[in-house]
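Shown next: data17.cif, given as mmCIF, C-alpha atoms.
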```cif
data_model
#
loop_
_atom_site.label_atom_id
_atom_site.label_comp_id
_atom_site.auth_asym_id
_atom_site.auth_seq_id
_atom_site.Cartn_x
_atom_site.Cartn_y
_atom_site.Cartn_z
CA MET A 325 101.81 70.16 98.72
CA LYS A 326 99.03 72.42 97.49
CA ILE A 327 98.58 76.18 97.60
CA ILE A 328 95.05 77.54 98.00
CA VAL A 329 94.65 81.21 97.07
CA PRO A 330 91.36 83.00 97.85
CA MET A 331 91.22 86.17 95.74
CA ALA A 332 87.50 86.62 95.15
CA GLY A 333 86.99 90.17 96.44
CA ARG A 334 87.15 93.25 94.23
CA GLY A 335 88.91 95.33 96.85
CA SER A 336 87.49 98.72 97.84
CA ARG A 337 90.42 100.35 99.68
CA LEU A 338 92.57 100.46 96.54
CA ARG A 339 90.05 102.22 94.34
CA PRO A 340 90.07 103.60 91.68
CA HIS A 341 92.63 101.00 90.55
CA THR A 342 90.45 98.04 91.48
CA LEU A 343 87.50 99.33 89.48
CA THR A 344 89.02 97.79 86.35
CA ILE A 345 91.49 95.17 87.60
CA PRO A 346 91.37 92.73 90.54
CA LYS A 347 93.65 93.90 93.34
CA PRO A 348 95.76 90.69 93.35
CA LEU A 349 96.67 91.37 89.71
CA ILE A 350 97.96 94.91 90.25
CA PRO A 351 101.71 94.85 89.54
CA VAL A 352 104.16 95.70 92.30
CA ALA A 353 107.81 96.03 91.26
CA GLY A 354 106.82 94.78 87.80
CA LYS A 355 104.91 91.63 88.74
CA PRO A 356 101.26 91.11 89.84
CA ILE A 357 100.82 90.76 93.60
CA VAL A 358 99.42 87.22 93.42
CA HIS A 359 102.22 86.08 91.09
CA ARG A 360 104.84 87.35 93.56
CA LEU A 361 103.03 85.80 96.52
CA VAL A 362 102.65 82.32 95.05
CA THR A 363 106.19 82.30 93.65
CA ASP A 364 107.69 83.44 96.96
CA ILE A 365 105.71 80.88 98.97
CA THR A 366 106.92 78.15 96.61
CA LYS A 367 110.52 79.24 97.15
CA VAL A 368 110.09 79.33 100.93
CA LEU A 369 108.48 75.88 101.10
CA GLY A 370 111.23 74.33 98.99
CA GLU A 371 108.88 71.53 97.94
CA GLN A 372 107.26 70.42 94.72
CA ILE A 373 103.84 72.06 94.43
CA GLU A 374 101.23 69.65 93.15
CA GLU A 375 98.39 72.11 92.64
CA VAL A 376 97.62 75.81 92.95
CA ALA A 377 93.90 76.43 93.42
CA PHE A 378 92.66 79.99 92.85
CA ILE A 379 89.28 81.10 94.18
CA LEU A 380 87.83 83.89 92.05
CA GLY A 381 84.70 86.01 92.19
CA ASP A 382 82.44 87.41 89.50
CA PRO A 383 83.43 86.07 86.04
CA ALA A 384 82.65 89.51 84.60
CA PHE A 385 85.52 90.90 86.69
CA PHE A 386 87.77 87.83 86.91
CA GLY A 387 87.45 86.95 83.24
CA ASP A 388 89.12 84.55 80.84
CA ASP A 389 92.31 86.62 80.68
CA VAL A 390 92.67 86.38 84.47
CA VAL A 391 92.04 82.65 84.42
CA GLU A 392 94.61 82.15 81.68
CA SER A 393 97.28 84.15 83.54
CA LEU A 394 96.72 82.15 86.75
CA ILE A 395 96.83 78.78 85.02
CA ASP A 396 100.07 79.86 83.33
CA LEU A 397 101.49 80.87 86.74
CA ALA A 398 100.73 77.46 88.23
CA GLU A 399 102.22 75.65 85.26
CA GLU A 400 105.38 77.77 85.43
CA LEU A 401 105.81 76.38 88.95
CA GLY A 402 105.33 72.82 87.71
CA ALA A 403 101.87 72.54 89.24
CA LYS A 404 98.31 72.00 88.12
CA GLY A 405 96.24 75.18 88.11
CA SER A 406 92.64 74.93 89.32
CA ILE A 407 90.01 77.66 89.17
CA TYR A 408 87.03 77.92 91.52
CA ARG A 409 84.34 80.56 91.86
CA GLN A 410 82.94 82.09 95.04
CA ASP A 411 79.45 83.07 93.92
CA GLU A 412 78.80 85.41 96.86
CA PRO A 413 81.22 87.36 99.09
CA LEU A 414 80.32 85.48 102.26
CA GLY A 415 83.65 85.50 104.07
CA THR A 416 87.00 83.75 104.23
CA GLY A 417 85.63 80.38 105.31
CA HIS A 418 83.04 80.41 102.54
CA ALA A 419 85.73 81.31 99.99
CA ILE A 420 87.94 78.39 101.03
CA MET A 421 85.01 75.98 100.88
CA SER A 422 84.35 77.08 97.31
CA ALA A 423 87.48 75.03 96.51
CA LYS A 424 86.50 72.01 98.60
CA GLU A 425 87.36 69.53 95.82
CA SER A 426 91.01 70.56 96.28
CA LEU A 427 90.98 70.56 100.09
CA SER A 428 92.93 67.40 100.87
CA GLY A 429 96.43 66.62 102.03
CA PRO A 430 99.09 69.16 103.05
CA ALA A 431 98.35 72.69 101.87
CA VAL A 432 99.15 76.35 102.36
CA ILE A 433 96.28 78.83 102.29
CA ALA A 434 97.38 82.36 101.38
CA TYR A 435 95.26 85.46 100.86
CA ALA A 436 96.33 87.31 97.76
CA ASP A 437 96.66 90.89 99.03
CA THR A 438 99.90 90.54 100.94
CA LEU A 439 103.56 89.88 100.22
CA ILE A 440 106.24 88.31 102.40
CA ARG A 441 109.96 87.80 102.64
CA ALA A 442 110.88 84.79 104.72
CA ASP A 443 113.36 81.97 105.19
CA PHE A 444 112.22 79.19 107.50
CA ASP A 445 111.81 75.45 107.98
CA LEU A 446 108.22 74.25 108.02
CA ASP A 447 107.27 72.59 111.35
CA LYS A 448 105.61 69.45 110.06
CA SER A 449 105.10 68.06 113.56
CA ALA A 450 102.26 70.58 113.97
CA ASP A 451 98.77 70.16 112.61
CA SER A 452 98.92 73.75 111.43
CA VAL A 453 101.25 76.73 111.19
CA ILE A 454 99.81 80.26 111.27
CA TRP A 455 102.28 82.86 110.06
CA VAL A 456 102.53 86.00 112.15
CA LYS A 457 104.50 89.23 112.29
CA GLN A 458 105.29 91.37 115.32
CA VAL A 459 103.46 94.70 115.01
CA GLU A 460 103.38 97.97 116.90
CA ARG A 461 99.58 98.32 117.00
CA PRO A 462 98.17 94.84 117.64
CA GLU A 463 94.72 96.26 118.40
CA ALA A 464 94.34 96.88 114.66
CA PHE A 465 94.88 93.21 113.71
CA GLY A 466 93.87 89.68 114.48
CA VAL A 467 96.51 88.29 116.84
CA VAL A 468 97.52 84.93 118.30
CA ASN A 469 97.82 84.03 121.97
CA LEU A 470 100.63 81.60 122.81
CA ASN A 471 101.10 79.25 125.75
CA GLU A 472 104.41 78.57 127.49
CA ASP A 473 105.20 75.87 124.91
CA ASN A 474 104.99 78.44 122.08
CA GLU A 475 101.78 76.90 120.78
CA ILE A 476 98.83 78.94 119.57
CA VAL A 477 95.90 78.51 121.93
CA GLU A 478 93.71 81.42 120.87
CA LEU A 479 92.91 83.74 117.97
CA VAL A 480 91.69 87.19 118.96
CA GLU A 481 90.37 89.69 116.42
CA LYS A 482 91.40 93.31 117.09
CA PRO A 483 91.80 92.94 120.86
CA LYS A 484 90.82 95.93 122.98
CA GLU A 485 93.16 94.74 125.74
CA PHE A 486 96.68 93.48 125.04
CA VAL A 487 96.87 89.79 124.15
CA SER A 488 100.06 89.69 122.09
CA ASP A 489 101.81 91.72 119.40
CA LEU A 490 101.90 88.84 116.89
CA ALA A 491 99.50 89.67 114.06
CA VAL A 492 98.05 87.02 111.74
CA ILE A 493 99.18 87.87 108.20
CA GLY A 494 96.80 85.62 106.25
CA ILE A 495 99.05 82.65 105.40
CA TYR A 496 98.39 79.21 106.93
CA TYR A 497 99.80 75.69 106.61
CA PHE A 498 97.69 72.61 107.32
CA LYS A 499 99.21 69.14 107.54
CA ASP A 500 95.85 67.88 106.25
CA VAL A 501 93.64 70.67 104.98
CA GLY A 502 90.82 68.14 104.78
CA VAL A 503 90.43 68.51 108.55
CA LEU A 504 89.83 72.24 108.13
CA LYS A 505 87.35 71.44 105.35
CA ASN A 506 85.33 69.25 107.71
CA GLU A 507 85.24 71.92 110.40
CA LEU A 508 84.29 74.65 107.93
CA GLN A 509 81.52 72.43 106.61
CA TYR A 510 80.18 72.31 110.18
CA VAL A 511 80.41 76.12 110.32
CA LEU A 512 78.41 76.44 107.09
CA ASP A 513 75.86 73.76 108.03
CA ASN A 514 75.20 75.42 111.40
CA ASN A 515 75.21 78.96 110.04
CA ILE A 516 77.99 80.15 112.35
CA VAL A 517 78.63 83.69 111.16
CA HIS A 518 80.45 86.80 112.32
CA GLY A 519 79.59 90.07 110.68
CA GLY A 520 77.28 88.16 108.37
CA GLU A 521 80.16 86.03 107.03
CA TYR A 522 81.64 82.56 107.47
CA GLN A 523 85.20 82.91 108.77
CA ILE A 524 88.23 80.63 108.58
CA ASN A 525 88.87 81.36 112.27
CA ASP A 526 85.74 79.48 113.30
CA GLY A 527 87.03 76.35 111.59
CA ILE A 528 90.46 76.83 113.18
CA LYS A 529 88.94 77.31 116.64
CA ARG A 530 87.07 74.02 116.29
CA MET A 531 90.35 72.31 115.42
CA MET A 532 91.98 73.84 118.51
CA GLU A 533 89.09 72.68 120.70
CA LYS A 534 89.83 69.13 119.53
CA GLY A 535 93.42 69.40 120.73
CA MET A 536 95.18 69.91 117.43
CA LYS A 537 98.60 71.56 117.58
CA PHE A 538 98.96 75.05 116.11
CA VAL A 539 102.30 76.85 116.10
CA PRO A 540 103.39 80.29 114.88
CA GLY A 541 105.61 80.80 111.88
CA LYS A 542 107.37 84.15 111.66
CA VAL A 543 108.23 86.08 108.52
CA ASP A 544 111.04 88.57 108.11
CA GLU A 545 108.92 91.03 106.16
CA TRP A 546 105.18 91.44 105.75
CA MET A 547 104.04 93.91 103.11
CA ASP A 548 100.43 94.92 102.71
CA CYS A 549 98.78 96.03 99.46
CA GLY A 550 95.53 97.21 101.01
CA ASN A 551 95.47 100.84 99.90
CA LYS A 552 97.40 103.27 97.74
CA ASN A 553 99.89 104.50 100.34
CA VAL A 554 100.87 101.07 101.63
CA THR A 555 101.04 99.67 98.09
CA VAL A 556 103.50 102.41 97.11
CA GLU A 557 105.48 101.61 100.27
CA THR A 558 105.40 97.90 99.44
CA ASN A 559 106.69 98.66 95.94
CA GLN A 560 109.55 100.60 97.52
CA ARG A 561 110.48 97.79 99.88
CA MET A 562 110.17 95.09 97.22
CA LEU A 563 112.43 97.00 94.82
CA GLY A 564 115.03 97.21 97.57
CA PHE A 565 114.86 93.46 98.19
CA LEU A 566 115.05 92.63 94.48
CA GLU A 567 118.07 94.91 94.04
CA LYS A 568 119.84 93.10 96.89
CA ASP A 569 118.93 89.78 95.25
CA GLY A 570 120.70 90.94 92.10
CA GLU A 571 117.61 90.80 89.89
CA SER A 572 117.67 92.67 86.58
CA LEU A 573 114.96 95.31 86.88
CA ILE A 574 115.48 97.54 83.82
CA ALA A 575 114.51 96.12 80.42
CA ASP A 576 117.06 96.25 77.63
CA SER A 577 114.45 97.87 75.38
CA VAL A 578 114.11 101.00 77.54
CA LYS A 579 114.86 104.13 75.50
CA GLN A 580 116.47 107.13 77.23
CA GLU A 581 116.92 110.62 75.84
CA ASN A 582 118.48 113.03 78.32
CA ALA A 583 117.13 110.83 81.10
CA ASN A 584 118.47 109.66 84.45
CA ILE A 585 117.45 106.53 86.38
CA ILE A 586 118.23 106.47 90.10
CA GLU A 587 118.02 102.83 91.16
CA PRO A 588 116.38 100.77 92.41
CA CYS A 589 113.65 101.04 89.80
CA PHE A 590 111.65 98.62 87.69
CA ILE A 591 111.38 99.88 84.11
CA GLY A 592 109.39 97.64 81.76
CA GLU A 593 109.73 96.78 78.11
CA ASN A 594 109.71 99.58 75.51
CA VAL A 595 109.40 102.38 78.06
CA ILE A 596 110.53 105.77 76.74
CA LEU A 597 112.13 108.30 79.12
CA LYS A 598 112.79 111.77 77.74
CA ASP A 599 114.12 114.79 79.63
CA THR A 600 113.22 112.94 82.80
CA THR A 601 114.63 111.77 86.14
CA VAL A 602 113.14 108.58 87.52
CA GLY A 603 113.81 107.09 90.94
CA PRO A 604 114.56 105.94 93.39
CA TYR A 605 111.81 103.40 94.05
CA VAL A 606 109.77 103.79 90.89
CA SER A 607 108.04 101.06 88.87
CA ILE A 608 106.95 101.80 85.31
CA GLY A 609 105.04 99.28 83.20
CA ALA A 610 105.65 98.38 79.57
CA ASP A 611 105.09 100.82 76.70
CA THR A 612 104.73 103.87 78.95
CA VAL A 613 106.18 107.23 77.86
CA VAL A 614 107.49 109.72 80.43
CA GLU A 615 108.77 113.13 79.37
CA ASN A 616 109.86 116.33 81.07
CA SER A 617 109.17 114.85 84.50
CA THR A 618 110.68 113.99 87.87
CA ILE A 619 109.27 110.86 89.47
CA LYS A 620 110.23 109.10 92.69
CA ASN A 621 108.63 106.58 95.04
CA SER A 622 105.74 105.87 92.66
CA LEU A 623 103.94 103.17 90.68
CA ILE A 624 103.00 103.75 87.03
CA GLN A 625 101.45 100.93 85.03
CA SER A 626 101.52 100.13 81.30
CA ASN A 627 100.64 102.06 78.13
CA SER A 628 100.44 105.42 79.87
CA ARG A 629 101.81 108.84 78.95
CA ILE A 630 103.18 111.10 81.67
CA SER A 631 104.25 114.67 80.86
CA ASN A 632 105.43 117.71 82.85
CA ALA A 633 104.99 115.88 86.14
CA ASN A 634 106.65 116.06 89.53
CA LEU A 635 105.45 112.88 91.24
CA ASP A 636 106.16 111.47 94.69
CA ASN A 637 104.05 108.79 96.40
CA ALA A 638 101.88 108.49 93.30
CA MET A 639 100.01 105.54 91.83
CA ILE A 640 98.89 105.71 88.18
CA GLY A 641 97.03 102.98 86.31
CA ASN A 642 97.13 101.62 82.77
CA ASN A 643 96.32 103.63 79.61
CA VAL A 644 96.45 106.94 81.47
CA VAL A 645 97.23 110.37 80.01
CA PHE A 646 98.61 112.67 82.71
CA ASP A 647 99.98 116.18 82.24
CA GLY A 648 100.13 118.33 85.32
CA ASN A 649 101.80 119.36 88.55
CA PHE A 650 99.87 117.20 91.00
CA GLU A 651 102.27 115.25 93.20
CA SER A 652 100.81 112.57 95.48
CA ILE A 653 98.04 111.29 93.23
CA SER A 654 96.12 108.07 92.68
CA ILE A 655 94.34 107.67 89.35
CA GLY A 656 93.02 104.48 87.79
CA ASP A 657 93.02 102.95 84.34
CA TYR A 658 91.92 104.93 81.27
CA SER A 659 92.00 108.27 83.12
CA VAL A 660 92.87 111.54 81.39
CA LEU A 661 94.16 114.36 83.59
CA ILE A 662 95.67 117.31 81.74
#
```

Now, as a test, write the supplied structure out as structure tokens.
Amino acid sequence: MKIIVPMAGRGSRLRPHTLTIPKPLIPVAGKPIVHRLVTDITKVLGEQIEEVAFILGDPAFFGDDVVESLIDLAEELGAKGSIYRQDEPLGTGHAIMSAKESLSGPAVIAYADTLIRADFDLDKSADSVIWVKQVERPEAFGVVNLNEDNEIVELVEKPKEFVSDLAVIGIYYFKDVGVLKNELQYVLDNNIVHGGEYQINDGIKRMMEKGMKFVPGKVDEWMDCGNKNVTVETNQRMLGFLEKDGESLIADSVKQENANIIEPCFIGENVILKDTTVGPYVSIGADTVVENSTIKNSLIQSNSRISNANLDNAMIGNNVVFDGNFESISIGDYSVLI
């Protein structure tokens, strides 16, 4: 089994945080999004992963440090790590084809801006599984249309009229991903574009037209990391899950002086809390100092200094100096706000 992870885009909806760090590497509950995603998929599959192929964009943004961290992630899972580059942002199908040397055999394709919680058996009788989640506003998503045999017969992007309430979450299994590669090659060769981009859906639709069997896979939880508000919410939900799993979330090296932690919280190595109440649902990265503050339902990354703050629904980057009474804020790396 292989895992193919397109993560080439910079991400605009999570600015200013994605001005300095790729969105899939932003930590949620103490671990980068893509690390959580790949690890959780591996657990769900319950199979040995042969290779994890990451598709990155501009080397100036996805540099050597990113490559090294991703190779280490794959090796921690007992797999080979492969790095590919998408030279231009020309869509999901184009991104996948950037890794065409790895597109053979059984594989999961997973976009690196989402997190899941799931427990299921993979239907290997199908040519493909497309994971979906029931949503309240299907018109805002791509959805699947099912026949009476519970097979996917159609993909509809943001339907104006009701088709179904099962939204595509961006994780796919292919019994032989080489078949998708062949169909996407046809899409590229014939310049089949939507919105100026080559889409994975056009390859999937060609597979459906040839009678291949697609079935839905359902996840228990689908957590988006598309913008600041939903990322803070995802951090909250993930901390709750990890607490139930019994994971240790507070580093032994945390120093407290007249401080109170209301769990669940993730508190990283060498964090200093002074005259402060933190939690619930707060993540704080390593080497950050927080003093004279009350913080709940927020994400604060590493090497920052927070003083005299009353934060709720806040997201603060790395190497930030913040001293003030703003509450629901979003400031990126290397910011100074005093």

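Evaluating the PyMOL selection byres ((chain A and resi 538) around 9) against the shown model yields A:Ala450, A:Asp451, A:Ser452, A:Val453, A:Ile454, A:Glu475, A:Ile476, A:Val477, A:Met532, A:Met536, A:Lys537, A:Val539, A:Pro540.
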
Give me, as JSON lines, each residue of region 414-474 of chain A that comes within 10 Å of region 503-506 of chain A, together with its shortest interatomic pair and the distance in Å at one decimal, counting all atoms listed in the file, with rows ordered by chain and rising residue number.
```
{"residue": "A:Gly417", "atom": "CA", "partner": "A:Lys505", "partner_atom": "CA", "distance": 9.1}
{"residue": "A:Ile420", "atom": "CA", "partner": "A:Lys505", "partner_atom": "CA", "distance": 8.2}
{"residue": "A:Met421", "atom": "CA", "partner": "A:Lys505", "partner_atom": "CA", "distance": 6.8}
{"residue": "A:Ala423", "atom": "CA", "partner": "A:Lys505", "partner_atom": "CA", "distance": 9.5}
{"residue": "A:Lys424", "atom": "CA", "partner": "A:Lys505", "partner_atom": "CA", "distance": 6.8}
{"residue": "A:Glu425", "atom": "CA", "partner": "A:Lys505", "partner_atom": "CA", "distance": 9.7}
{"residue": "A:Ser426", "atom": "CA", "partner": "A:Lys505", "partner_atom": "CA", "distance": 9.8}
{"residue": "A:Leu427", "atom": "CA", "partner": "A:Lys505", "partner_atom": "CA", "distance": 6.5}
{"residue": "A:Ser428", "atom": "CA", "partner": "A:Val503", "partner_atom": "CA", "distance": 8.2}
{"residue": "A:Gly429", "atom": "CA", "partner": "A:Val503", "partner_atom": "CA", "distance": 9.1}
{"residue": "A:Asp451", "atom": "CA", "partner": "A:Val503", "partner_atom": "CA", "distance": 9.4}
{"residue": "A:Ser452", "atom": "CA", "partner": "A:Leu504", "partner_atom": "CA", "distance": 9.8}
```

Q | Best match for closeness to Asn551 (chain A) among A:Ala575, A:Ile373, A:Ile524, A:Met639, counting all atoms listed in the file | A | A:Met639

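Between CA of Arg561 (chain A) and CA of Arg360 (chain A) the interatomic distance comes to 13.4 Å.
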
**Q.** Neighbour list for His518 (chain A) as a list in words, cut-off 12 Å, all atoms listed in the file, skip fewer than 4 positions in-chain
**A.** Leu414, Gly415, Thr416, Gly417, His418, Glu481, Val511, Leu512, Tyr522, Gln523, Ile524, Asn525 and Asp526 of chain A

Q: Considering all atoms listed in the file, return as a PyMOL selection string whatever protein or nucleic-acid residues lie within 9 Å of Gln560 (chain A), sequence-local ones (same chain, fewer than 4 positions apart) excluded.
A: chain A and resi 352-353+555-556+564-565+588-589+604-607+621-622

Q.
If we count all atoms listed in the file and set the cut-off at 9 Å, which residues sit around Lys620 (chain A), ignoring sequence neighbours fewer than 5 positions away in its own chain? Please answer as a ChimeraX atom specification.
A. /A:586,601-606,634-638

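Look at everything within 10 Å of (107.5, 99.4, 78.8) using only C-alpha atoms, and the residues you get are Ile574, Ala575, Ser577, Val578, Lys579, Phe590, Ile591, Gly592, Glu593, Asn594, Val595, Ile596, Ile608, Gly609, Ala610, Asp611, Thr612, Val613, Gln625, Ser626, Asn627 and Ser628 of chain A.
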
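When CA of Asp548 (chain A) is paired with CA of Val432 (chain A), their separation reads 18.6 Å.
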
Q. With all atoms listed in the file as the basis for distance, which of A:Ile624, A:Val480, A:Ile528, A:Ile365 is at the shortest distance from Ile495 (chain A)?
A. A:Ile365

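Using all atoms listed in the file for every distance, the candidate list A:Glu392, A:Glu400, A:Glu545, A:Glu507 yields A:Glu507 as the residue closest to Arg530 (chain A).
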
Q. Applied to the shown file, which residues does the PyMOL selection byres ((chain A and resi 658) around 9) return, written as an MDAnalysis selection string?
A. chainID A and resid 628 641:645 655:657 659:660

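Put simply, CA of Lys482 (chain A) is 7.2 Å away from CA of Val467 (chain A).
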
Q.
Need to verify the contact set: Ala491 (chain A), 7 Å, only C-alpha atoms, exclusion of same-chain residues closer than 5 positions in sequence. Can you return it as a ChimeraX atom specification?
A. /A:456-459,462,465-468

Q) Of the candidates A:Ala431, A:Ala436, A:Val362, A:Ile328, which shows the shortest atom-to-atom distance to Leu349 (chain A), using only C-alpha atoms? A) A:Ala436

(Q) To test your reading of the syntax: which residues would the PyMOL selection byres ((chain A and resi 494) around 6) return for the file shown? Reply as a count of residues only. (A) 5

Could you please fill out region 623-647 of chain A with N, CA and C atoms and send it back as a compact mmCIF listing (two decimals), keeping the file's coordinate frame?
```txt
# COMPACT_ATOMS: atom_id res chain seq x y z
N LEU A 623 104.32 104.30 91.54
CA LEU A 623 103.94 103.17 90.68
C LEU A 623 103.19 103.70 89.47
N ILE A 624 103.68 103.39 88.28
CA ILE A 624 103.00 103.75 87.03
C ILE A 624 102.87 102.47 86.20
N GLN A 625 101.66 102.17 85.76
CA GLN A 625 101.45 100.93 85.03
C GLN A 625 101.69 101.11 83.53
N SER A 626 101.14 100.24 82.72
CA SER A 626 101.52 100.13 81.30
C SER A 626 100.72 101.06 80.39
N ASN A 627 101.32 101.34 79.22
CA ASN A 627 100.64 102.06 78.13
C ASN A 627 100.12 103.44 78.54
N SER A 628 100.85 104.09 79.44
CA SER A 628 100.44 105.42 79.87
C SER A 628 101.40 106.47 79.34
N ARG A 629 100.97 107.73 79.40
CA ARG A 629 101.81 108.84 78.95
C ARG A 629 101.82 109.91 80.04
N ILE A 630 103.02 110.16 80.57
CA ILE A 630 103.18 111.10 81.67
C ILE A 630 104.04 112.26 81.18
N SER A 631 103.53 113.49 81.34
CA SER A 631 104.25 114.67 80.86
C SER A 631 104.24 115.76 81.93
N ASN A 632 105.35 116.50 82.01
CA ASN A 632 105.43 117.71 82.85
C ASN A 632 105.00 117.43 84.29
N ALA A 633 105.44 116.31 84.82
CA ALA A 633 104.99 115.88 86.14
C ALA A 633 106.12 115.94 87.16
N ASN A 634 105.74 116.14 88.39
CA ASN A 634 106.65 116.06 89.53
C ASN A 634 105.97 115.17 90.56
N LEU A 635 106.22 113.87 90.47
CA LEU A 635 105.45 112.88 91.24
C LEU A 635 106.26 112.28 92.38
N ASP A 636 105.60 112.14 93.52
CA ASP A 636 106.16 111.47 94.69
C ASP A 636 104.99 110.83 95.42
N ASN A 637 105.14 109.54 95.75
CA ASN A 637 104.05 108.79 96.40
C ASN A 637 102.80 108.78 95.53
N ALA A 638 103.00 108.51 94.25
CA ALA A 638 101.88 108.49 93.30
C ALA A 638 101.63 107.07 92.80
N MET A 639 100.39 106.82 92.40
CA MET A 639 100.01 105.54 91.83
C MET A 639 99.11 105.81 90.63
N ILE A 640 99.57 105.41 89.44
CA ILE A 640 98.89 105.71 88.18
C ILE A 640 98.63 104.40 87.45
N GLY A 641 97.42 104.23 86.93
CA GLY A 641 97.03 102.98 86.31
C GLY A 641 97.49 102.83 84.87
N ASN A 642 96.83 101.92 84.16
CA ASN A 642 97.13 101.62 82.77
C ASN A 642 96.38 102.56 81.83
N ASN A 643 96.98 102.85 80.67
CA ASN A 643 96.32 103.63 79.61
C ASN A 643 95.87 104.99 80.12
N VAL A 644 96.74 105.63 80.90
CA VAL A 644 96.45 106.94 81.47
C VAL A 644 97.19 108.02 80.68
N VAL A 645 96.56 109.17 80.52
CA VAL A 645 97.23 110.37 80.01
C VAL A 645 97.26 111.37 81.15
N PHE A 646 98.47 111.75 81.58
CA PHE A 646 98.61 112.67 82.71
C PHE A 646 99.59 113.78 82.35
N ASP A 647 99.14 115.02 82.51
CA ASP A 647 99.98 116.18 82.24
C ASP A 647 99.62 117.22 83.29
```
